[in-house]
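Enquirer: upload_30.cif (mmCIF, C-alpha atoms) pasted underneath:
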```cif
data_target
#
loop_
_atom_site.label_atom_id
_atom_site.label_comp_id
_atom_site.auth_asym_id
_atom_site.auth_seq_id
_atom_site.Cartn_x
_atom_site.Cartn_y
_atom_site.Cartn_z
CA MET A 1 -32.96 46.10 5.57
CA VAL A 2 -36.08 46.65 7.71
CA LYS A 3 -38.42 45.98 4.78
CA ARG A 4 -36.67 42.64 4.17
CA ILE A 5 -37.00 41.77 7.87
CA LEU A 6 -40.71 42.64 7.85
CA GLU A 7 -41.21 40.54 4.73
CA ALA A 8 -39.47 37.61 6.38
CA LEU A 9 -41.72 38.01 9.43
CA GLY A 10 -44.84 38.29 7.32
CA VAL A 11 -45.69 41.75 8.66
CA ARG A 12 -46.46 44.59 6.26
CA PRO A 13 -45.75 48.27 6.97
CA MET A 14 -48.80 50.49 6.78
CA ILE A 15 -49.70 54.11 6.16
CA ASN A 16 -50.95 55.63 9.39
CA ALA A 17 -53.81 57.97 8.52
CA ALA A 18 -55.48 57.47 11.92
CA ALA A 19 -53.61 59.03 14.83
CA THR A 20 -50.54 58.62 17.03
CA GLN A 21 -51.85 55.33 18.43
CA THR A 22 -49.55 52.96 20.29
CA PRO A 23 -51.00 49.76 18.71
CA ILE A 24 -49.79 50.89 15.27
CA GLY A 25 -46.45 52.27 16.40
CA GLY A 26 -47.26 55.66 17.91
CA SER A 27 -45.66 58.18 15.59
CA ARG A 28 -42.97 58.24 12.91
CA MET A 29 -39.77 58.76 14.86
CA ASN A 30 -37.79 61.92 14.27
CA PRO A 31 -34.72 60.83 12.20
CA ASN A 32 -32.45 62.81 14.56
CA VAL A 33 -33.86 60.82 17.48
CA ALA A 34 -33.32 57.49 15.72
CA LYS A 35 -29.75 58.44 14.82
CA ALA A 36 -28.94 59.54 18.37
CA MET A 37 -30.37 56.33 19.82
CA GLY A 38 -28.21 54.26 17.51
CA GLU A 39 -25.07 56.19 18.39
CA ILE A 40 -25.55 56.16 22.19
CA SER A 41 -26.19 52.40 22.07
CA GLN A 42 -22.44 51.97 21.40
CA TYR A 43 -21.39 53.83 24.56
CA PHE A 44 -21.34 53.03 28.27
CA VAL A 45 -22.40 55.88 30.56
CA ASP A 46 -23.34 56.50 34.19
CA LEU A 47 -27.14 56.24 33.91
CA HIS A 48 -27.73 58.12 37.17
CA ALA A 49 -25.74 61.06 35.84
CA LEU A 50 -27.37 60.90 32.41
CA HIS A 51 -30.87 60.73 33.93
CA ALA A 52 -30.20 63.84 36.02
CA ALA A 53 -28.51 65.79 33.21
CA VAL A 54 -31.23 65.05 30.65
CA GLY A 55 -33.87 65.96 33.22
CA ARG A 56 -32.23 69.32 33.95
CA GLU A 57 -32.03 70.19 30.25
CA ILE A 58 -35.60 69.16 29.48
CA ALA A 59 -36.82 71.17 32.47
CA ARG A 60 -34.95 74.22 31.18
CA MET A 61 -36.29 73.83 27.64
CA THR A 62 -39.89 73.33 28.83
CA HIS A 63 -39.86 76.08 31.50
CA ASN A 64 -40.42 73.68 34.39
CA GLU A 65 -38.75 73.32 37.76
CA ALA A 66 -37.77 69.74 37.02
CA ALA A 67 -38.20 66.91 34.53
CA MET A 68 -37.71 63.18 34.34
CA VAL A 69 -37.83 60.68 31.48
CA SER A 70 -40.23 57.81 32.18
CA GLY A 71 -41.06 54.60 30.35
CA GLY A 72 -44.21 56.13 28.86
CA VAL A 73 -47.18 57.73 30.63
CA ALA A 74 -48.85 54.53 31.83
CA SER A 75 -45.78 53.68 33.94
CA ALA A 76 -45.67 57.28 35.17
CA PHE A 77 -49.08 56.78 36.83
CA TYR A 78 -47.50 54.10 38.99
CA LEU A 79 -44.23 55.94 39.62
CA THR A 80 -45.84 59.23 40.61
CA THR A 81 -48.23 57.41 42.96
CA MET A 82 -45.31 55.63 44.60
CA ALA A 83 -43.45 58.94 44.84
CA LEU A 84 -46.46 60.51 46.58
CA VAL A 85 -46.51 57.64 49.11
CA LYS A 86 -42.79 58.08 49.78
CA GLN A 87 -43.21 61.86 50.12
CA LYS A 88 -46.29 61.83 52.36
CA ASP A 89 -45.75 58.64 54.37
CA PRO A 90 -42.13 57.42 54.46
CA ALA A 91 -43.03 54.70 56.97
CA ALA A 92 -45.66 53.19 54.66
CA PHE A 93 -43.20 53.32 51.78
CA ALA A 94 -40.51 51.61 53.87
CA ALA A 95 -42.93 48.74 54.58
CA LEU A 96 -43.16 47.85 50.89
CA PRO A 97 -43.58 45.22 49.51
CA GLN A 98 -44.62 43.34 52.68
CA SER A 99 -47.42 45.82 53.33
CA MET A 100 -49.17 47.87 50.64
CA PRO A 101 -50.18 51.48 51.45
CA ARG A 102 -53.93 50.82 51.37
CA LYS A 103 -54.70 53.50 53.94
CA HIS A 104 -53.89 56.09 51.26
CA SER A 105 -56.06 57.05 48.30
CA ILE A 106 -56.05 58.92 45.01
CA LEU A 107 -59.08 60.81 43.68
CA LEU A 108 -60.10 60.57 40.04
CA TYR A 109 -63.26 61.63 38.21
CA ALA A 110 -65.20 58.56 37.07
CA THR A 111 -65.51 59.91 33.52
CA GLN A 112 -61.70 60.11 33.33
CA CYS A 113 -61.05 56.60 34.59
CA VAL A 114 -59.23 55.24 31.54
CA GLU A 115 -57.52 51.84 31.45
CA TYR A 116 -54.11 53.28 32.27
CA THR A 117 -55.23 54.57 35.67
CA LEU A 118 -54.82 50.96 36.78
CA GLY A 119 -51.21 51.98 37.40
CA ILE A 120 -52.41 53.90 40.45
CA GLU A 121 -53.98 50.81 42.00
CA LEU A 122 -50.91 48.72 41.15
CA ALA A 123 -49.04 51.01 43.53
CA GLY A 124 -51.26 49.69 46.32
CA VAL A 125 -53.32 52.79 47.07
CA ARG A 126 -57.11 52.98 46.81
CA LEU A 127 -58.56 54.69 43.75
CA ARG A 128 -61.65 56.70 44.70
CA ARG A 129 -63.82 57.57 41.71
CA ILE A 130 -65.91 60.72 41.87
CA GLN A 131 -69.29 60.22 40.21
CA THR A 132 -70.28 63.64 38.88
CA PRO A 133 -73.56 65.06 37.57
CA GLY A 134 -73.74 67.50 34.68
CA ILE A 135 -73.72 70.77 36.67
CA VAL A 136 -70.27 72.36 36.98
CA ASP A 137 -70.83 73.90 40.43
CA GLU A 138 -72.09 70.58 41.81
CA GLN A 139 -69.07 68.80 40.33
CA ALA A 140 -66.71 71.09 42.25
CA GLU A 141 -68.75 70.66 45.41
CA LEU A 142 -68.46 66.87 45.09
CA LEU A 143 -64.67 67.14 44.77
CA GLU A 144 -64.48 69.36 47.85
CA ARG A 145 -66.72 66.99 49.82
CA GLU A 146 -64.55 63.99 48.91
CA ILE A 147 -61.39 65.82 50.00
CA ARG A 148 -62.93 66.83 53.32
CA GLN A 149 -64.16 63.29 53.89
CA GLU A 150 -60.68 61.82 53.38
CA LYS A 151 -57.70 63.82 52.20
CA PRO A 152 -56.13 61.98 49.24
CA LEU A 153 -52.50 61.82 48.23
CA ALA A 154 -53.47 63.66 45.03
CA VAL A 155 -56.14 64.20 42.40
CA PHE A 156 -55.30 62.79 38.98
CA TYR A 157 -56.83 64.70 36.06
CA VAL A 158 -56.93 63.12 32.58
CA LEU A 159 -56.92 65.34 29.49
CA ALA A 160 -57.75 63.51 26.27
CA GLY A 161 -60.17 65.65 24.30
CA PRO A 162 -63.26 63.87 22.90
CA TRP A 163 -61.98 60.52 24.20
CA ILE A 164 -63.09 61.63 27.67
CA LYS A 165 -66.81 62.00 28.29
CA PRO A 166 -67.96 65.25 29.92
CA GLY A 167 -68.79 65.13 33.61
CA ALA A 168 -65.90 66.73 35.49
CA PRO A 169 -65.15 70.34 36.38
CA SER A 170 -62.44 72.14 34.44
CA LEU A 171 -58.79 71.65 35.27
CA GLU A 172 -58.68 75.27 36.45
CA ARG A 173 -61.54 74.69 38.90
CA THR A 174 -60.04 71.40 40.06
CA ILE A 175 -56.67 73.02 40.80
CA SER A 176 -58.42 75.89 42.60
CA VAL A 177 -60.34 73.53 44.91
CA CYS A 178 -57.33 71.30 45.56
CA ARG A 179 -55.11 74.28 46.38
CA GLN A 180 -57.43 75.23 49.26
CA TYR A 181 -56.76 71.85 50.90
CA GLY A 182 -53.12 71.36 49.98
CA VAL A 183 -53.87 68.46 47.61
CA PRO A 184 -51.57 68.14 44.56
CA VAL A 185 -53.02 67.70 41.07
CA ILE A 186 -51.31 65.35 38.59
CA VAL A 187 -52.27 65.93 34.94
CA ASP A 188 -52.25 63.14 32.36
CA ALA A 189 -51.52 65.14 29.20
CA ALA A 190 -50.18 62.19 27.21
CA ALA A 191 -51.43 63.33 23.80
CA GLN A 192 -51.82 67.06 24.49
CA LEU A 193 -49.26 68.21 21.94
CA PRO A 194 -49.44 70.47 19.99
CA PRO A 195 -49.30 73.25 21.05
CA LYS A 196 -45.81 73.03 22.53
CA SER A 197 -46.84 75.57 25.19
CA ASN A 198 -48.77 72.77 26.91
CA LEU A 199 -45.40 71.46 28.10
CA TRP A 200 -45.45 74.24 30.69
CA LYS A 201 -49.07 75.46 30.67
CA PHE A 202 -50.48 72.92 33.13
CA THR A 203 -47.69 73.20 35.69
CA GLN A 204 -47.82 77.00 35.51
CA MET A 205 -51.56 76.71 36.16
CA GLY A 206 -50.68 75.01 39.43
CA ALA A 207 -50.53 71.28 38.68
CA GLU A 208 -47.84 69.47 40.64
CA LEU A 209 -46.88 67.32 37.65
CA ALA A 210 -47.84 66.97 33.98
CA LEU A 211 -47.23 63.69 32.14
CA PHE A 212 -46.58 63.53 28.38
CA SER A 213 -46.05 60.67 25.95
CA GLY A 214 -42.82 60.64 23.98
CA GLY A 215 -44.23 58.42 21.25
CA LYS A 216 -46.91 60.80 20.01
CA ASP A 217 -46.31 64.29 18.59
CA LEU A 218 -42.84 64.51 20.17
CA CYS A 219 -41.89 61.77 17.66
CA GLY A 220 -39.71 59.86 20.08
CA PRO A 221 -39.85 56.15 20.95
CA SER A 222 -43.22 54.81 22.12
CA ASN A 223 -41.72 53.55 25.39
CA MET A 224 -40.64 57.04 26.46
CA GLY A 225 -42.52 59.70 28.40
CA LEU A 226 -41.95 62.92 30.32
CA VAL A 227 -42.73 63.78 33.93
CA LEU A 228 -42.64 67.58 34.25
CA GLY A 229 -43.23 69.75 37.29
CA ARG A 230 -42.19 70.37 40.88
CA GLN A 231 -38.62 69.60 41.87
CA GLU A 232 -39.25 67.59 45.04
CA LEU A 233 -41.70 65.12 43.52
CA VAL A 234 -39.71 64.72 40.29
CA ASP A 235 -36.59 63.98 42.33
CA ILE A 236 -38.45 61.31 44.27
CA CYS A 237 -39.72 59.77 41.01
CA ARG A 238 -36.16 59.62 39.71
CA SER A 239 -35.02 57.94 42.91
CA LEU A 240 -37.49 55.13 42.23
CA ILE A 241 -37.01 54.43 38.53
CA SER A 242 -34.37 52.15 37.02
CA PRO A 243 -31.37 51.90 37.32
CA ASN A 244 -32.31 52.18 41.02
CA GLU A 245 -33.35 48.98 42.75
CA GLY A 246 -36.81 48.71 44.25
CA VAL A 247 -40.42 49.38 43.33
CA GLY A 248 -39.70 51.19 40.06
CA ARG A 249 -36.98 48.93 38.73
CA PHE A 250 -39.22 47.13 36.24
CA PHE A 251 -39.95 50.39 34.41
CA LYS A 252 -36.55 50.51 32.79
CA VAL A 253 -35.42 53.61 30.90
CA GLY A 254 -32.14 53.04 29.10
CA LYS A 255 -29.52 55.40 27.77
CA GLU A 256 -31.22 55.20 24.36
CA GLU A 257 -34.55 56.54 25.67
CA LEU A 258 -32.80 59.24 27.70
CA ILE A 259 -30.91 60.58 24.69
CA ALA A 260 -34.04 60.19 22.57
CA ALA A 261 -36.01 62.35 25.00
CA TRP A 262 -33.43 65.13 24.93
CA VAL A 263 -33.23 65.22 21.13
CA ALA A 264 -37.01 64.91 20.69
CA VAL A 265 -37.77 67.80 23.06
CA LYS A 266 -34.98 69.98 21.64
CA ASP A 267 -36.18 69.52 18.06
CA TYR A 268 -39.82 69.96 19.07
CA MET A 269 -39.10 73.25 20.82
CA GLU A 270 -37.12 74.53 17.83
CA ALA A 271 -39.67 73.48 15.20
CA ASP A 272 -41.90 76.01 13.44
CA GLU A 273 -45.28 75.09 14.87
CA ALA A 274 -47.27 77.53 12.73
CA GLN A 275 -45.67 76.16 9.54
CA ARG A 276 -46.47 72.60 10.54
CA LEU A 277 -50.12 73.44 11.28
CA ALA A 278 -50.39 75.29 7.96
CA TRP A 279 -49.12 72.16 6.20
CA CYS A 280 -51.81 70.11 7.97
CA GLU A 281 -54.48 72.58 6.80
CA ASP A 282 -53.21 72.33 3.21
CA GLU A 283 -53.28 68.53 3.37
CA VAL A 284 -56.83 68.52 4.73
CA ASN A 285 -58.06 70.97 2.11
CA SER A 286 -56.43 68.95 -0.67
CA MET A 287 -57.96 65.67 0.50
CA VAL A 288 -61.43 67.18 0.94
CA SER A 289 -61.25 68.63 -2.56
CA ALA A 290 -59.90 65.42 -4.12
CA LEU A 291 -62.63 63.23 -2.60
CA ALA A 292 -65.57 65.62 -2.92
CA ASP A 293 -66.98 64.14 -6.14
CA ILE A 294 -67.39 60.55 -4.91
CA PRO A 295 -71.16 59.91 -4.76
CA ALA A 296 -70.93 57.39 -1.91
CA LEU A 297 -69.19 59.85 0.42
CA ARG A 298 -69.59 63.22 2.05
CA VAL A 299 -66.16 64.64 2.95
CA SER A 300 -65.51 67.57 5.27
CA ARG A 301 -62.91 69.25 7.48
CA ALA A 302 -63.11 68.25 11.15
CA TYR A 303 -61.62 70.15 14.09
CA PRO A 304 -60.06 69.53 16.58
CA ASN A 305 -58.53 66.07 16.29
CA GLU A 306 -59.27 62.95 18.32
CA ALA A 307 -57.33 64.10 21.39
CA GLY A 308 -58.64 67.64 21.29
CA GLN A 309 -55.44 69.02 19.78
CA PRO A 310 -55.76 72.16 17.62
CA VAL A 311 -55.07 70.23 14.42
CA PRO A 312 -57.57 69.72 11.56
CA ARG A 313 -58.40 66.35 10.05
CA VAL A 314 -60.74 64.97 7.40
CA PHE A 315 -64.02 63.26 8.18
CA VAL A 316 -65.25 60.84 5.52
CA SER A 317 -68.97 60.21 6.02
CA VAL A 318 -70.08 56.99 4.32
CA LEU A 319 -73.56 57.34 2.83
CA GLY A 320 -76.35 54.80 2.41
CA ALA A 321 -76.25 51.22 3.69
CA ASN A 322 -72.45 51.24 3.94
CA ALA A 323 -72.64 53.71 6.85
CA ALA A 324 -73.29 50.74 9.14
CA ARG A 325 -70.18 48.95 7.84
CA VAL A 326 -67.56 51.51 8.87
CA GLU A 327 -65.53 49.14 11.06
CA ARG A 328 -65.51 46.53 8.30
CA ILE A 329 -64.56 49.13 5.68
CA CYS A 330 -61.62 50.32 7.79
CA GLY A 331 -60.60 46.69 8.21
CA ASP A 332 -60.64 46.27 4.43
CA PHE A 333 -58.24 49.18 4.07
CA ARG A 334 -55.88 47.65 6.65
CA ARG A 335 -55.83 44.45 4.62
CA GLY A 336 -55.44 46.25 1.28
CA GLU A 337 -52.58 46.04 -1.18
CA ILE A 338 -51.09 49.03 0.64
CA PRO A 339 -52.37 48.75 4.24
CA ILE A 340 -53.84 52.02 5.51
CA ALA A 341 -55.07 52.70 9.05
CA PHE A 342 -58.01 55.08 9.45
CA LEU A 343 -59.81 56.04 12.66
CA PRO A 344 -63.40 54.74 12.44
CA ASP A 345 -66.40 56.42 14.07
CA GLY A 346 -69.29 53.99 13.94
CA GLU A 347 -71.69 56.36 15.68
CA LYS A 348 -71.21 58.98 12.99
CA GLY A 349 -71.03 56.45 10.17
CA GLY A 350 -67.62 57.40 8.86
CA PHE A 351 -63.88 57.55 9.45
CA TYR A 352 -61.18 60.16 10.01
CA ILE A 353 -57.98 60.91 8.10
CA ASN A 354 -55.36 62.59 10.28
CA PRO A 355 -52.58 64.52 8.48
CA MET A 356 -50.36 64.56 11.60
CA THR A 357 -49.12 61.04 10.94
CA LEU A 358 -48.82 61.22 7.16
CA ALA A 359 -45.47 61.69 5.46
CA PRO A 360 -45.30 64.13 2.53
CA GLY A 361 -46.84 62.43 -0.49
CA GLU A 362 -48.74 59.74 1.42
CA SER A 363 -52.01 61.65 1.13
CA LYS A 364 -51.96 60.93 -2.64
CA THR A 365 -51.79 57.21 -1.92
CA VAL A 366 -54.63 57.54 0.59
CA ILE A 367 -56.80 59.42 -1.92
CA LYS A 368 -56.11 56.86 -4.63
CA ALA A 369 -57.03 53.98 -2.31
CA ILE A 370 -60.30 55.62 -1.18
CA ARG A 371 -61.34 56.39 -4.75
CA ALA A 372 -60.62 52.83 -5.86
CA TYR A 373 -62.57 51.34 -2.95
CA PHE A 374 -65.71 53.42 -3.26
CA GLU A 375 -65.79 53.86 -7.04
CA GLU A 376 -64.91 50.32 -8.01
CA GLY A 377 -66.20 48.38 -4.98
#
```
Output the file's structure in the form of structure tokens.
Expert:
Amino acid sequence: MVKRILEALGVRPMINAAATQTPIGGSRMNPNVAKAMGEISQYFVDLHALHAAVGREIARMTHNEAAMVSGGVASAFYLTTMALVKQKDPAAFAALPQSMPRKHSILLYATQCVEYTLGIELAGVRLRRIQTPGIVDEQAELLEREIRQEKPLAVFYVLAGPWIKPGAPSLERTISVCRQYGVPVIVDAAAQLPPKSNLWKFTQMGAELALFSGGKDLCGPSNMGLVLGRQELVDICRSLISPNEGVGRFFKVGKEELIAAWVAVKDYMEADEAQRLAWCEDEVNSMVSALADIPALRVSRAYPNEAGQPVPRVFVSVLGANAARVERICGDFRRGEIPIAFLPDGEKGGFYINPMTLAPGESKTVIKAIRAYFEEG
């Protein structure tokens, strides 16, 4: 049925050989998640009770004090900031929306200031960016100086592997400095799965909260995320989000996303992680071997993947004059008879093939398409 609908809309499904990127649908949803979402859609439930119950179970499964399902990680930036305002300054929170809490601030390293951190400023607080040099000790000193100058509501720390340029002290050092001054650390770990142990690693290190995307390796819906960590702040977050009225109402999480989160986390925790990673290694080795004899290419194993996850992928280096046409080449594949999304790297003159988002058998289609393009083109 869906294929007929897509045909009628003039939109073609594609093979995702790039990454768990939101613009191309995130990840392939776990069939158990999709089934559960369909079934719960036919029931009426008390959303307050379901929110709390799902949160308790996810907290238990992920070894955290508390958990909440959010409408993705970007919305969680806003919600956690609002929760910090409510926790630290109830009077300022009560004045919303007539008066925004501009006297409060959040600290963030400038190198980690991704687009989604705009959610912090949407909550009305000031975002103070720490400009850091390349020396680790000086980076920590800058953080300490900023905290002494004006104590922030929190420090947000973004983990995204190679997507984030170097220039900030380690998360361990950041937590250590913040602990001295009683400043909570909120970790954006949206794409930091696998390994599954990251679901509790950052909070056990001392972070107040860790935020994860549900639409990436958890294989849930793209508009679902997890807020994991300390009980008090998670409870405040839940008091703000829909179905409650107020500042978090427009980040709606329905019964479908709540059930999806529970099933996605349960299946993820029960999955054989080592077996899955071994499959990825086999896929990478097979693709490297199958493409090795194409004169126009140099193909190799790359590690880790685009978000710094411990998963291998294939790097296809385009040789000669075509190295400067990588973006155009990847565009050609997206417009091909069978559309395929690759992750281009113009600086390196090539593109990546990520096995994490390939279904069994799709790598053969990818290999066939690459051979046809570079041998016949």
Enquirer: Ranking A:Leu226, A:Met29, A:Val54, A:Ile164 by minimum distance to Ser75 of chain A and counting all atoms listed in the file, which one comes first?
Expert: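 Closest to Ser75 of chain A, using all atoms listed in the file: A:Leu226.
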Enquirer: I'd like the neighbourhood of Val253 of chain A as a ChimeraX atom specification, where a residue qualifies if any of its atoms comes within 9 Å (using only C-alpha atoms), though same-chain residues fewer than 4 positions away should be ignored.
Expert: /A:51,69-71,223-224,241-243,257-258
Enquirer: Evaluated on this file, the PyMOL selection byres ((chain A and resi 344-353) around 9) picks out some residues - which ones are they, written as a PyMOL selection string?
Expert: chain A and resi 16-19+284+287+297+302+306+313-319+322-327+329-330+341-343+354-355+366
Enquirer: If I take atom CA of Gln112 of chain A and atom CA of Ile175 of chain A, how far is one from the other in Å, to one decimal?
Expert: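 Interatomic distance here is 15.7 Å.
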Enquirer: For the atom pair atom CA of Ala8 of chain A and atom CA of Ile340 of chain A, what is the interatomic distance in Å to one decimal place?
Expert: 20.4 Å
Enquirer: Quote the spacing between atom CA of Gln87 of chain A and atom CA of Leu199 of chain A in Å to one decimal place.
Expert: 24.1 Å
Enquirer: With distances taken over only C-alpha atoms, which residue among A:Leu153, A:Ala59, A:Val158, A:Leu143 lies nearest Gly182 of chain A?
Expert: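 Nearest candidate to Gly182 of chain A out of A:Leu153, A:Ala59, A:Val158, A:Leu143: A:Leu153.
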Enquirer: Find the residues around Ile236 of chain A up to 12 Å (all atoms listed in the file counted), leave out those fewer than 6 positions away in its own chain, and share them as number ranges by chain.
Expert: A: 52, 66-68, 79-88, 90, 93, 227, 229-230, 244, 248
Enquirer: Using the chain letters and residue numbers of this document, give as number ranges by chain the residues selected by the PyMOL selection byres ((chain A and resi 147) around 12).
Expert: A: 105-108, 128-130, 140-146, 148-155, 174, 177-184
Enquirer: Report as a PyMOL selection string all protein, DNA and RNA residues lying within 8 Å of segment 209-219 of chain A, evaluated on only C-alpha atoms, omitting residues in the same chain fewer than 5 positions from it.
Expert: chain A and resi 20-22+26-30+72-73+76+185-194+199+202-203+224-230+261+264-265+268
Enquirer: So, counting all atoms listed in the file, which residue among A:Leu277, A:Met269, A:Ala321, A:Pro166 is closest to Gln131 of chain A?
Expert: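 Checking each of A:Leu277, A:Met269, A:Ala321, A:Pro166 against Gln131 of chain A, counting all atoms listed in the file, the winner is A:Pro166.
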Enquirer: Rank A:Pro195, A:Glu115, A:Arg102, A:Pro169 by their smallest atom-to-atom distance to Thr132 of chain A, using all atoms listed in the file, and report the top residue only.
Expert: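 Residue with the minimum atom-to-atom distance to Thr132 of chain A: A:Pro169.
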Enquirer: (-61.9, 59.5, -3.2) in this file's frame - what residues fall within 7 Å of it? Use all atoms listed in the file and give the answer as a VMD selection string.
Expert: chain A and resid 290 to 291 294 367 to 368 370 to 371
Enquirer: Go through A:Ala369, A:Ala359, A:Ala160, A:Glu256 and flag the residue nearest Phe44 of chain A, using only C-alpha atoms for the distances.
Expert: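 Under the stated criterion, the closest residue is A:Glu256.
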Enquirer: In terms of the shortest atom-to-atom distance over all atoms listed in the file, which of A:Gln309, A:Gln275, A:Gln42, A:Asn64 is closest to Leu159 of chain A?
Expert: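 Of the candidates, the smallest distance to Leu159 of chain A is held by A:Gln309.
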Enquirer: Would you mind writing segment 311-318 of chain A with all heavy atoms, as a PDB file, in the coordinates of the input?
Expert:
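After the write, selection-v5.pdb holds the following:
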```
ATOM      1  N   VAL A 311     -55.545  70.687  15.731  1.00  0.00           N
ATOM      2  CA  VAL A 311     -55.070  70.230  14.420  1.00  0.00           C
ATOM      3  C   VAL A 311     -56.285  69.748  13.632  1.00  0.00           C
ATOM      4  O   VAL A 311     -57.103  68.984  14.156  1.00  0.00           O
ATOM      5  CB  VAL A 311     -54.051  69.084  14.560  1.00  0.00           C
ATOM      6  CG1 VAL A 311     -53.576  68.627  13.188  1.00  0.00           C
ATOM      7  CG2 VAL A 311     -52.866  69.512  15.412  1.00  0.00           C
ATOM      8  N   PRO A 312     -56.435  70.167  12.366  1.00  0.00           N
ATOM      9  CA  PRO A 312     -57.570  69.720  11.560  1.00  0.00           C
ATOM     10  C   PRO A 312     -57.366  68.292  11.069  1.00  0.00           C
ATOM     11  O   PRO A 312     -56.247  67.784  11.011  1.00  0.00           O
ATOM     12  CB  PRO A 312     -57.571  70.704  10.397  1.00  0.00           C
ATOM     13  CG  PRO A 312     -56.119  71.023  10.207  1.00  0.00           C
ATOM     14  CD  PRO A 312     -55.529  71.058  11.600  1.00  0.00           C
ATOM     15  N   ARG A 313     -58.457  67.664  10.696  1.00  0.00           N
ATOM     16  CA  ARG A 313     -58.400  66.350  10.050  1.00  0.00           C
ATOM     17  C   ARG A 313     -59.601  66.248   9.108  1.00  0.00           C
ATOM     18  O   ARG A 313     -60.443  67.155   9.059  1.00  0.00           O
ATOM     19  CB  ARG A 313     -58.404  65.217  11.073  1.00  0.00           C
ATOM     20  CG  ARG A 313     -59.524  65.273  12.082  1.00  0.00           C
ATOM     21  CD  ARG A 313     -59.441  64.155  13.092  1.00  0.00           C
ATOM     22  NE  ARG A 313     -60.465  64.280  14.121  1.00  0.00           N
ATOM     23  CZ  ARG A 313     -60.890  63.309  14.905  1.00  0.00           C
ATOM     24  NH1 ARG A 313     -60.357  62.104  14.775  1.00  0.00           N
ATOM     25  NH2 ARG A 313     -61.818  63.507  15.822  1.00  0.00           N
ATOM     26  N   VAL A 314     -59.664  65.182   8.368  1.00  0.00           N
ATOM     27  CA  VAL A 314     -60.740  64.970   7.400  1.00  0.00           C
ATOM     28  C   VAL A 314     -61.723  63.956   7.957  1.00  0.00           C
ATOM     29  O   VAL A 314     -61.311  62.922   8.506  1.00  0.00           O
ATOM     30  CB  VAL A 314     -60.164  64.450   6.060  1.00  0.00           C
ATOM     31  CG1 VAL A 314     -61.290  64.152   5.066  1.00  0.00           C
ATOM     32  CG2 VAL A 314     -59.173  65.447   5.470  1.00  0.00           C
ATOM     33  N   PHE A 315     -63.020  64.260   7.832  1.00  0.00           N
ATOM     34  CA  PHE A 315     -64.020  63.260   8.180  1.00  0.00           C
ATOM     35  C   PHE A 315     -64.700  62.779   6.901  1.00  0.00           C
ATOM     36  O   PHE A 315     -65.232  63.573   6.119  1.00  0.00           O
ATOM     37  CB  PHE A 315     -65.084  63.802   9.126  1.00  0.00           C
ATOM     38  CG  PHE A 315     -66.093  62.756   9.536  1.00  0.00           C
ATOM     39  CD1 PHE A 315     -65.688  61.633  10.242  1.00  0.00           C
ATOM     40  CD2 PHE A 315     -67.425  62.875   9.186  1.00  0.00           C
ATOM     41  CE1 PHE A 315     -66.602  60.643  10.609  1.00  0.00           C
ATOM     42  CE2 PHE A 315     -68.351  61.899   9.549  1.00  0.00           C
ATOM     43  CZ  PHE A 315     -67.931  60.782  10.266  1.00  0.00           C
ATOM     44  N   VAL A 316     -64.641  61.473   6.691  1.00  0.00           N
ATOM     45  CA  VAL A 316     -65.250  60.840   5.520  1.00  0.00           C
ATOM     46  C   VAL A 316     -66.543  60.166   5.979  1.00  0.00           C
ATOM     47  O   VAL A 316     -66.506  59.123   6.646  1.00  0.00           O
ATOM     48  CB  VAL A 316     -64.301  59.822   4.873  1.00  0.00           C
ATOM     49  CG1 VAL A 316     -64.962  59.171   3.672  1.00  0.00           C
ATOM     50  CG2 VAL A 316     -62.984  60.494   4.472  1.00  0.00           C
ATOM     51  N   SER A 317     -67.675  60.766   5.657  1.00  0.00           N
ATOM     52  CA  SER A 317     -68.970  60.210   6.020  1.00  0.00           C
ATOM     53  C   SER A 317     -69.423  59.251   4.908  1.00  0.00           C
ATOM     54  O   SER A 317     -69.486  59.630   3.733  1.00  0.00           O
ATOM     55  CB  SER A 317     -70.000  61.334   6.187  1.00  0.00           C
ATOM     56  OG  SER A 317     -71.262  60.818   6.510  1.00  0.00           O
ATOM     57  N   VAL A 318     -69.680  58.010   5.283  1.00  0.00           N
ATOM     58  CA  VAL A 318     -70.080  56.990   4.320  1.00  0.00           C
ATOM     59  C   VAL A 318     -71.611  56.998   4.219  1.00  0.00           C
ATOM     60  O   VAL A 318     -72.313  56.832   5.224  1.00  0.00           O
ATOM     61  CB  VAL A 318     -69.585  55.598   4.749  1.00  0.00           C
ATOM     62  CG1 VAL A 318     -69.965  54.552   3.709  1.00  0.00           C
ATOM     63  CG2 VAL A 318     -68.067  55.623   4.945  1.00  0.00           C
TER      64      VAL A 318
END
```
